[in-house]
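**Q** Quick one: structure below, then a few questions.
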Amino acid sequence: MKRTLILLLWLCGPPAHADEGMWLFQQFPTAAVQQKYSFQVPPQFLDHLRLASVRIGGGSGAFVSPNGLLITNRHLVSACAPKLDTFYAAVESAETRCAGLEASVLVQIEDVTKQVQARIGEATAAKALEARNAAIARIESECAANSGNACSVVTLFSGGRYDLYRYRKYADLRLVFAPEYALAFFGRERDSLTYLRYGLDIAFLRAYENGKPAATPDYLKWSATGANEGELVFASGNPGTTARATTAAQLTFYRDTALPVAIARWGARIQQLTAFAAKSENDRRAAQPLLAAFSESYKSAAGKLIGLRDDRLVSRKTIFDAKIRQAVENDPKLGKQGGLVWDQVAAAYKAWAPFEKPYQLLEAAPAPGSVLFGIARALVRGEPVKESTVPIHDGLESILLTQYLEELKNLKGREAPVKAILGGQTPEQAAEELVKSTKLKSAAVMNADDPMIRLAKLLDEPGKRLRKKREDLIGSLETSAAEKIARYRYVLFGDADYPDATSTPRIEFGAVKGYTDRAGTPQPFAATLGGLFYRRSNEGPYQTPARWVESQPALDLVTPLDFVSTCDLGGGDPGSPTVNRAGEIVGVTFDGNLESLPNTYLYVEEQARAVHVAVQGIAEALDKVYHAKPLLQELSGAGSQPARATAPPKAFVEMRTSALTGRSHRSGRYTAPAPNPSEEPGSAPVPRPAAWPPNA
């Protein structure tokens with residue numbers, strides 16, 4: 001195998017390229033960072049960043065003071081934040097408990113691969129999963145009993161390795177500050193997954209223990225200067241699931257079949273909802289949540305498709321697959337048989353492709369957005385019925401069901417009993433009759449005579465048949481192929497590779513860097529506060545709150561509000577703290593651009609960017625808009641003085657008038673690196689801490 005490894009490394013080079021990788025803390029590529037950025041990452045840096053970072057609310061965050069103060073995204077703590085307005089507790093007694101919200105810190109990592117695999121032993125395939133789960137349960141139980149921590153065994157490289165993670169949990173979290181919804185989600189669905197962005201998607205909370213603020217000696221100091229263009233940064237978080245063991249054949253299937261079907265479905269519904277919302281204010285309010293959700297889904301699918309239609313991406317994957325396969329087939333233990341997995345995947349997806357559209361319609365995503373059909377299907381399948389959080393709107397249900405019945409009609413009865421469903425009516429007539437006659441609006445009770453229940457029953461068996469067919473053709477193979485390929489890579493590359501993301505702690509690195517988008521438009525590395533006021537007279541998501549309009553004269557409009565970096569987000573990493581070489585926090589991740597979406601399958605640095613809220617914008621807002629002096633003092637006491645706007649470049653001074661009148665959008669772009677405000681021209685840079693941890 002050693003000879004094969006040498007061959008593969010010669011053929012493929014390192015598995016990760018550029019700033020790619022969602023790295024394990026104990027497996028960080030220090031040599032790669034040293035080579036590209038001339039910075040030797042000390043072990044203490046990684047330990048400190050890990051101990052200061054938290055998992056919270058389905059995302060990430062970090063401690064920013066020794067008194068339990070932490071920062072994250074507002075959208076991760078929306079359940080305990082005011083629905084629309086701002087919240088600020090100037091004193092600890094006013095901090096509000098966030099019920100059910102916890103923060104977890106990864107305090108220890110232990111390789112338990114031998115313990116797990118010893119239990120599996122020579123077990124048959126049927127017994128292997130059972131033995132594995134039993135071994136993991138025993139390890140987690142013993143760990144929790146012995147340490148008092150929350151313990152979790154993490155499966156890496158599809159079972160090539162198992163790590164035991166010990167977490168310290170903070171169950172008493174209290175809200176300290178959250179901005180208005182309109183500022184946190186400025187631009188909302190129109191700007192999501194795009195750039196330039198102007199969102200202040202941040203929130204501050206405090207962890208308590210025994211009724212008092214928790215002592216958190218590992219915290220991130222607040223940067224005095226923020227992030228400058230070209231600067232090396234690190235992001236610590238819990239990136240969403242990736243599928244980078246996906247083969248070129250799978251990518252081709254997503255590109256040519258699955259994504260186009262999904263995009264066509266979302267696009268038709270967005271068009272219908274937009275027309276419906278334009279009829280009246282009541283209709284707009286009813287349609288807006290669904291319109292936002294459908295738009296997010298559409299953009300997500302479209303972004304992936306755009307990336308996969310770039311021949312360079314699929315070609316890169318094809319070449320890399322071929323090189324790994326060659327190495328596998330040259331191994332005497334694996335041989336030609338080991339390489340068959342790629343052929344098996346290609347054949348299975350080719351056989352499945354004609355069934356993808358009916359599968360999406362009948363099983364994976366039937367009647368998107370229809371509350372009534374969702375209730376009916378749950379009742380028919382004996383599943384828990386989700387309680388609707390909004391009143392059921394008859395008009396909205398009718399147009400959603402009309403669109404769905406049109407889709408079923410176009411199947412021409414091949415996969416669904418269309419004639420029995422429509423009964424001679426048009427889709428519009430059938431949908432209106434369904435909504436008018438169903439009793440599910442007032443009582444979610446199984447009733448065979450209810451027309452909506454009847455519809456769900458007619459579609460139940462066809463949906464289940466397609467689900468079984470998918471499982472037979474590609475379901476189990478999809479999992480087993482990913483496992484085999486991941487294990488091949490792990491055996492061949494070892495610690496030179498990183499495992500797929502699993503929403504568990506990782507660290508990424510990259511540079512603060514602008515890019516040229518697919519339209520050929522250069523996008524700067526940072527967007528400034530001025531961009532908020534450029535569109536303030538517009539309606540909807542671009543309305544700047546009154547508090548901000550009143551504070552505008554006091555604000556420095558060239559202060560960076562959001563910036564982008566090449567950090568590898570994987571499947572998304574909201575709330576992750578972004579730090580500089582000194583370990584000082586310079587931003588908080590809250591999104592990615594459209595070009596980052598294909599990173600689920602394959603990282604491409606040229607245009608993919610993570611989007612972060614800049615500490616300069618946060619401090620400027622806390623100071624001049626929210627007048628949160630105690631919070632600013634706590635942040636400054638946790639390190640340097642909070643970052644402030646620096647002397648603006650001459651071009652920005654000239655553009656300020658147009659920024660205030662809204663005649664130019666350029667004032668929202670930050671095009672020059674900011675000097676350190678504590679330096680005089682020509683002086684030496686501010687020295688970095690020589691030792692770690694910096695808070696000792």
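Residues are named by chain letter and number: chains run A, B, ... in the order of the structure tokens, numbers start at 1 in each chain, and ligands are numbered from 1 in the order shown.
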As a PyMOL selection string, which residues of stretch 12-225 of chain A does DSSP assign to strand (DSSP E)?
**A** chain A and resi 53-56+59-63+69-72+87-88+96-97+103-111+150-156+161-170+172-178+203-209+212-213
**Q** Write the residues you've just listed into a file as an mmCIF file, in the first residue's frame, and include C-alpha atoms for each of them.
**A**
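The result, written out as again07.cif:
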data_model
loop_
_atom_site.group_PDB
_atom_site.id
_atom_site.type_symbol
_atom_site.label_atom_id
_atom_site.label_comp_id
_atom_site.auth_asym_id
_atom_site.auth_seq_id
_atom_site.Cartn_x
_atom_site.Cartn_y
_atom_site.Cartn_z
ATOM 1 C CA SER A 53 -15.758 28.951 20.234
ATOM 2 C CA VAL A 54 -19.218 27.515 20.892
ATOM 3 C CA ARG A 55 -21.967 25.558 19.186
ATOM 4 C CA ILE A 56 -25.253 27.385 19.615
ATOM 5 C CA GLY A 59 -24.789 27.265 14.382
ATOM 6 C CA SER A 60 -21.774 28.801 16.055
ATOM 7 C CA GLY A 61 -20.559 31.674 18.198
ATOM 8 C CA ALA A 62 -17.708 32.714 20.484
ATOM 9 C CA PHE A 63 -16.961 34.175 23.893
ATOM 10 C CA LEU A 69 -20.352 37.421 26.965
ATOM 11 C CA LEU A 70 -20.635 35.747 23.581
ATOM 12 C CA ILE A 71 -21.423 36.819 20.034
ATOM 13 C CA THR A 72 -23.392 34.931 17.378
ATOM 14 C CA PHE A 87 -33.191 44.580 22.380
ATOM 15 C CA TYR A 88 -30.503 45.897 24.689
ATOM 16 C CA THR A 96 -33.419 37.951 29.344
ATOM 17 C CA ARG A 97 -33.261 34.151 29.602
ATOM 18 C CA ALA A 103 -23.883 26.753 24.163
ATOM 19 C CA SER A 104 -21.328 23.943 23.986
ATOM 20 C CA VAL A 105 -17.543 24.222 24.053
ATOM 21 C CA LEU A 106 -15.369 21.392 22.730
ATOM 22 C CA VAL A 107 -12.950 20.842 25.616
ATOM 23 C CA GLN A 108 -11.303 17.547 24.651
ATOM 24 C CA ILE A 109 -10.831 15.238 21.655
ATOM 25 C CA GLU A 110 -9.863 11.567 21.836
ATOM 26 C CA ASP A 111 -9.367 9.047 19.031
ATOM 27 C CA ALA A 150 -21.657 15.935 27.315
ATOM 28 C CA CYS A 151 -19.944 13.287 25.175
ATOM 29 C CA SER A 152 -20.400 12.469 21.512
ATOM 30 C CA VAL A 153 -18.595 10.046 19.208
ATOM 31 C CA VAL A 154 -18.132 11.647 15.786
ATOM 32 C CA THR A 155 -17.867 9.447 12.698
ATOM 33 C CA LEU A 156 -15.160 10.704 10.336
ATOM 34 C CA ARG A 161 -11.990 7.057 12.080
ATOM 35 C CA TYR A 162 -14.033 7.797 15.217
ATOM 36 C CA ASP A 163 -13.307 10.670 17.609
ATOM 37 C CA LEU A 164 -14.808 11.197 21.048
ATOM 38 C CA TYR A 165 -15.739 14.850 21.649
ATOM 39 C CA ARG A 166 -16.251 16.136 25.190
ATOM 40 C CA TYR A 167 -18.319 19.304 25.468
ATOM 41 C CA ARG A 168 -18.800 21.701 28.336
ATOM 42 C CA LYS A 169 -22.378 22.974 28.202
ATOM 43 C CA TYR A 170 -23.845 26.311 29.269
ATOM 44 C CA ASP A 172 -28.406 29.319 31.057
ATOM 45 C CA LEU A 173 -28.013 31.840 28.233
ATOM 46 C CA ARG A 174 -29.446 35.347 28.420
ATOM 47 C CA LEU A 175 -29.931 37.896 25.660
ATOM 48 C CA VAL A 176 -27.836 41.059 25.979
ATOM 49 C CA PHE A 177 -28.275 42.736 22.590
ATOM 50 C CA ALA A 178 -30.009 42.118 19.267
ATOM 51 C CA ALA A 203 -26.498 39.179 18.701
ATOM 52 C CA PHE A 204 -24.775 39.216 22.083
ATOM 53 C CA LEU A 205 -25.703 36.783 24.845
ATOM 54 C CA ARG A 206 -24.238 35.956 28.247
ATOM 55 C CA ALA A 207 -23.655 32.503 29.681
ATOM 56 C CA TYR A 208 -24.593 32.082 33.346
ATOM 57 C CA GLU A 209 -23.622 29.423 35.888
ATOM 58 C CA LYS A 212 -23.990 34.397 37.953
ATOM 59 C CA PRO A 213 -22.136 35.321 34.743
#
**Q** Going by DSSP on the backbone, which residues of stretch 452-644 of chain A come out as alpha helix (DSSP H)? List them as an MDAnalysis selection string.
**A** chainID A and resid 452:470 476:493 530:534 546:551 615:624 629:637
**Q** Write out, as a compact mmCIF listing (two decimals), in the first residue's frame, the residues just selected, with C-alpha atoms.
**A**
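Result went into out.txt, see below:
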# COMPACT_ATOMS: atom_id res chain seq x y z
CA MET A 452 -57.90 16.31 0.97
CA ILE A 453 -57.46 12.97 2.75
CA ARG A 454 -58.66 11.25 -0.42
CA LEU A 455 -56.04 13.10 -2.48
CA ALA A 456 -53.29 12.12 -0.04
CA LYS A 457 -54.41 8.49 -0.18
CA LEU A 458 -54.43 8.44 -3.99
CA LEU A 459 -50.82 9.68 -4.01
CA ASP A 460 -49.60 7.60 -1.07
CA GLU A 461 -48.87 4.28 -2.79
CA PRO A 462 -47.33 5.82 -5.95
CA GLY A 463 -45.04 7.89 -3.70
CA LYS A 464 -43.99 4.87 -1.66
CA ARG A 465 -43.30 2.84 -4.80
CA LEU A 466 -40.96 5.54 -6.09
CA ARG A 467 -39.26 5.80 -2.72
CA LYS A 468 -38.57 2.04 -2.76
CA LYS A 469 -37.36 2.20 -6.35
CA ARG A 470 -34.97 5.00 -5.43
CA SER A 476 -28.07 2.26 -0.37
CA LEU A 477 -25.45 2.52 -3.12
CA GLU A 478 -25.21 6.29 -2.56
CA THR A 479 -24.26 5.68 1.08
CA SER A 480 -21.96 2.72 0.51
CA ALA A 481 -20.15 4.41 -2.39
CA ALA A 482 -19.53 7.56 -0.33
CA GLU A 483 -18.19 5.41 2.49
CA LYS A 484 -15.86 3.45 0.22
CA ILE A 485 -14.48 6.53 -1.53
CA ALA A 486 -14.04 8.39 1.77
CA ARG A 487 -12.15 5.42 3.22
CA TYR A 488 -9.99 5.12 0.12
CA ARG A 489 -9.04 8.78 0.50
CA TYR A 490 -8.34 8.38 4.20
CA VAL A 491 -6.09 5.35 3.69
CA LEU A 492 -4.27 7.07 0.85
CA PHE A 493 -3.98 10.62 2.20
CA GLY A 530 -23.07 54.03 3.29
CA GLY A 531 -24.80 51.27 1.36
CA LEU A 532 -27.56 51.14 3.96
CA PHE A 533 -28.67 54.66 3.10
CA TYR A 534 -28.31 54.43 -0.66
CA ALA A 546 -35.93 55.31 11.71
CA ARG A 547 -33.31 54.99 14.47
CA TRP A 548 -30.62 54.59 11.79
CA VAL A 549 -31.92 57.46 9.66
CA GLU A 550 -31.77 59.75 12.71
CA SER A 551 -28.24 58.56 13.53
CA VAL A 615 -16.30 44.31 13.91
CA GLN A 616 -15.86 47.94 12.79
CA GLY A 617 -19.50 48.13 11.72
CA ILE A 618 -20.66 46.42 14.91
CA ALA A 619 -18.77 48.87 17.11
CA GLU A 620 -19.92 51.91 15.12
CA ALA A 621 -23.54 50.77 15.45
CA LEU A 622 -23.28 50.01 19.18
CA ASP A 623 -21.72 53.40 19.80
CA LYS A 624 -23.62 55.83 17.59
CA LYS A 629 -21.80 52.17 26.20
CA PRO A 630 -21.60 49.39 28.85
CA LEU A 631 -21.45 46.72 26.16
CA LEU A 632 -18.72 48.62 24.31
CA GLN A 633 -16.79 49.03 27.54
CA GLU A 634 -16.97 45.30 28.21
CA LEU A 635 -15.68 44.57 24.71
CA SER A 636 -12.87 47.10 25.07
CA GLY A 637 -12.01 45.67 28.48
**Q** Taking only C-alpha atoms into account, name the residue in A:Ile319, A:Ala301, A:Ala347, A:Ile270 that is nearest to A:Ala249.
**A**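 Looking at the shortest contact to A:Ala249, the residue is A:Ala347.
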**Q** I need the residue nearest A:Asp311 from this list: A:Leu440, A:Ala145, A:Ala248, A:Ala286. Use only C-alpha atoms for the distance.
**A**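 Nearest candidate to A:Asp311 out of A:Leu440, A:Ala145, A:Ala248, A:Ala286: A:Ala248.
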**Q** Find the spatial neighbours of A:Ser370, counting only C-alpha atoms, within a cut-off of 6 Å - ignore same-chain residues fewer than 3 positions away - and output them as a VMD selection string.
**A** chain A and resid 367 373 397
**Q** If you keep N, CA and C atoms, can you produce a file of those selected residues as a PDB file, in the first residue's frame?
**A**
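Produced file part_24.pdb, reproduced below:
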ATOM      1  N   ALA A 367     -46.760  18.982  -3.337  1.00  0.00           N
ATOM      2  CA  ALA A 367     -47.545  20.181  -2.988  1.00  0.00           C
ATOM      3  C   ALA A 367     -46.790  21.146  -2.077  1.00  0.00           C
ATOM      4  N   PHE A 373     -52.451  20.014   2.479  1.00  0.00           N
ATOM      5  CA  PHE A 373     -51.961  18.739   1.983  1.00  0.00           C
ATOM      6  C   PHE A 373     -50.949  18.138   2.962  1.00  0.00           C
ATOM      7  N   GLU A 397     -53.893  28.663  -0.502  1.00  0.00           N
ATOM      8  CA  GLU A 397     -53.946  27.211  -0.658  1.00  0.00           C
ATOM      9  C   GLU A 397     -54.423  26.833  -2.057  1.00  0.00           C
TER      10      GLU A 397
END
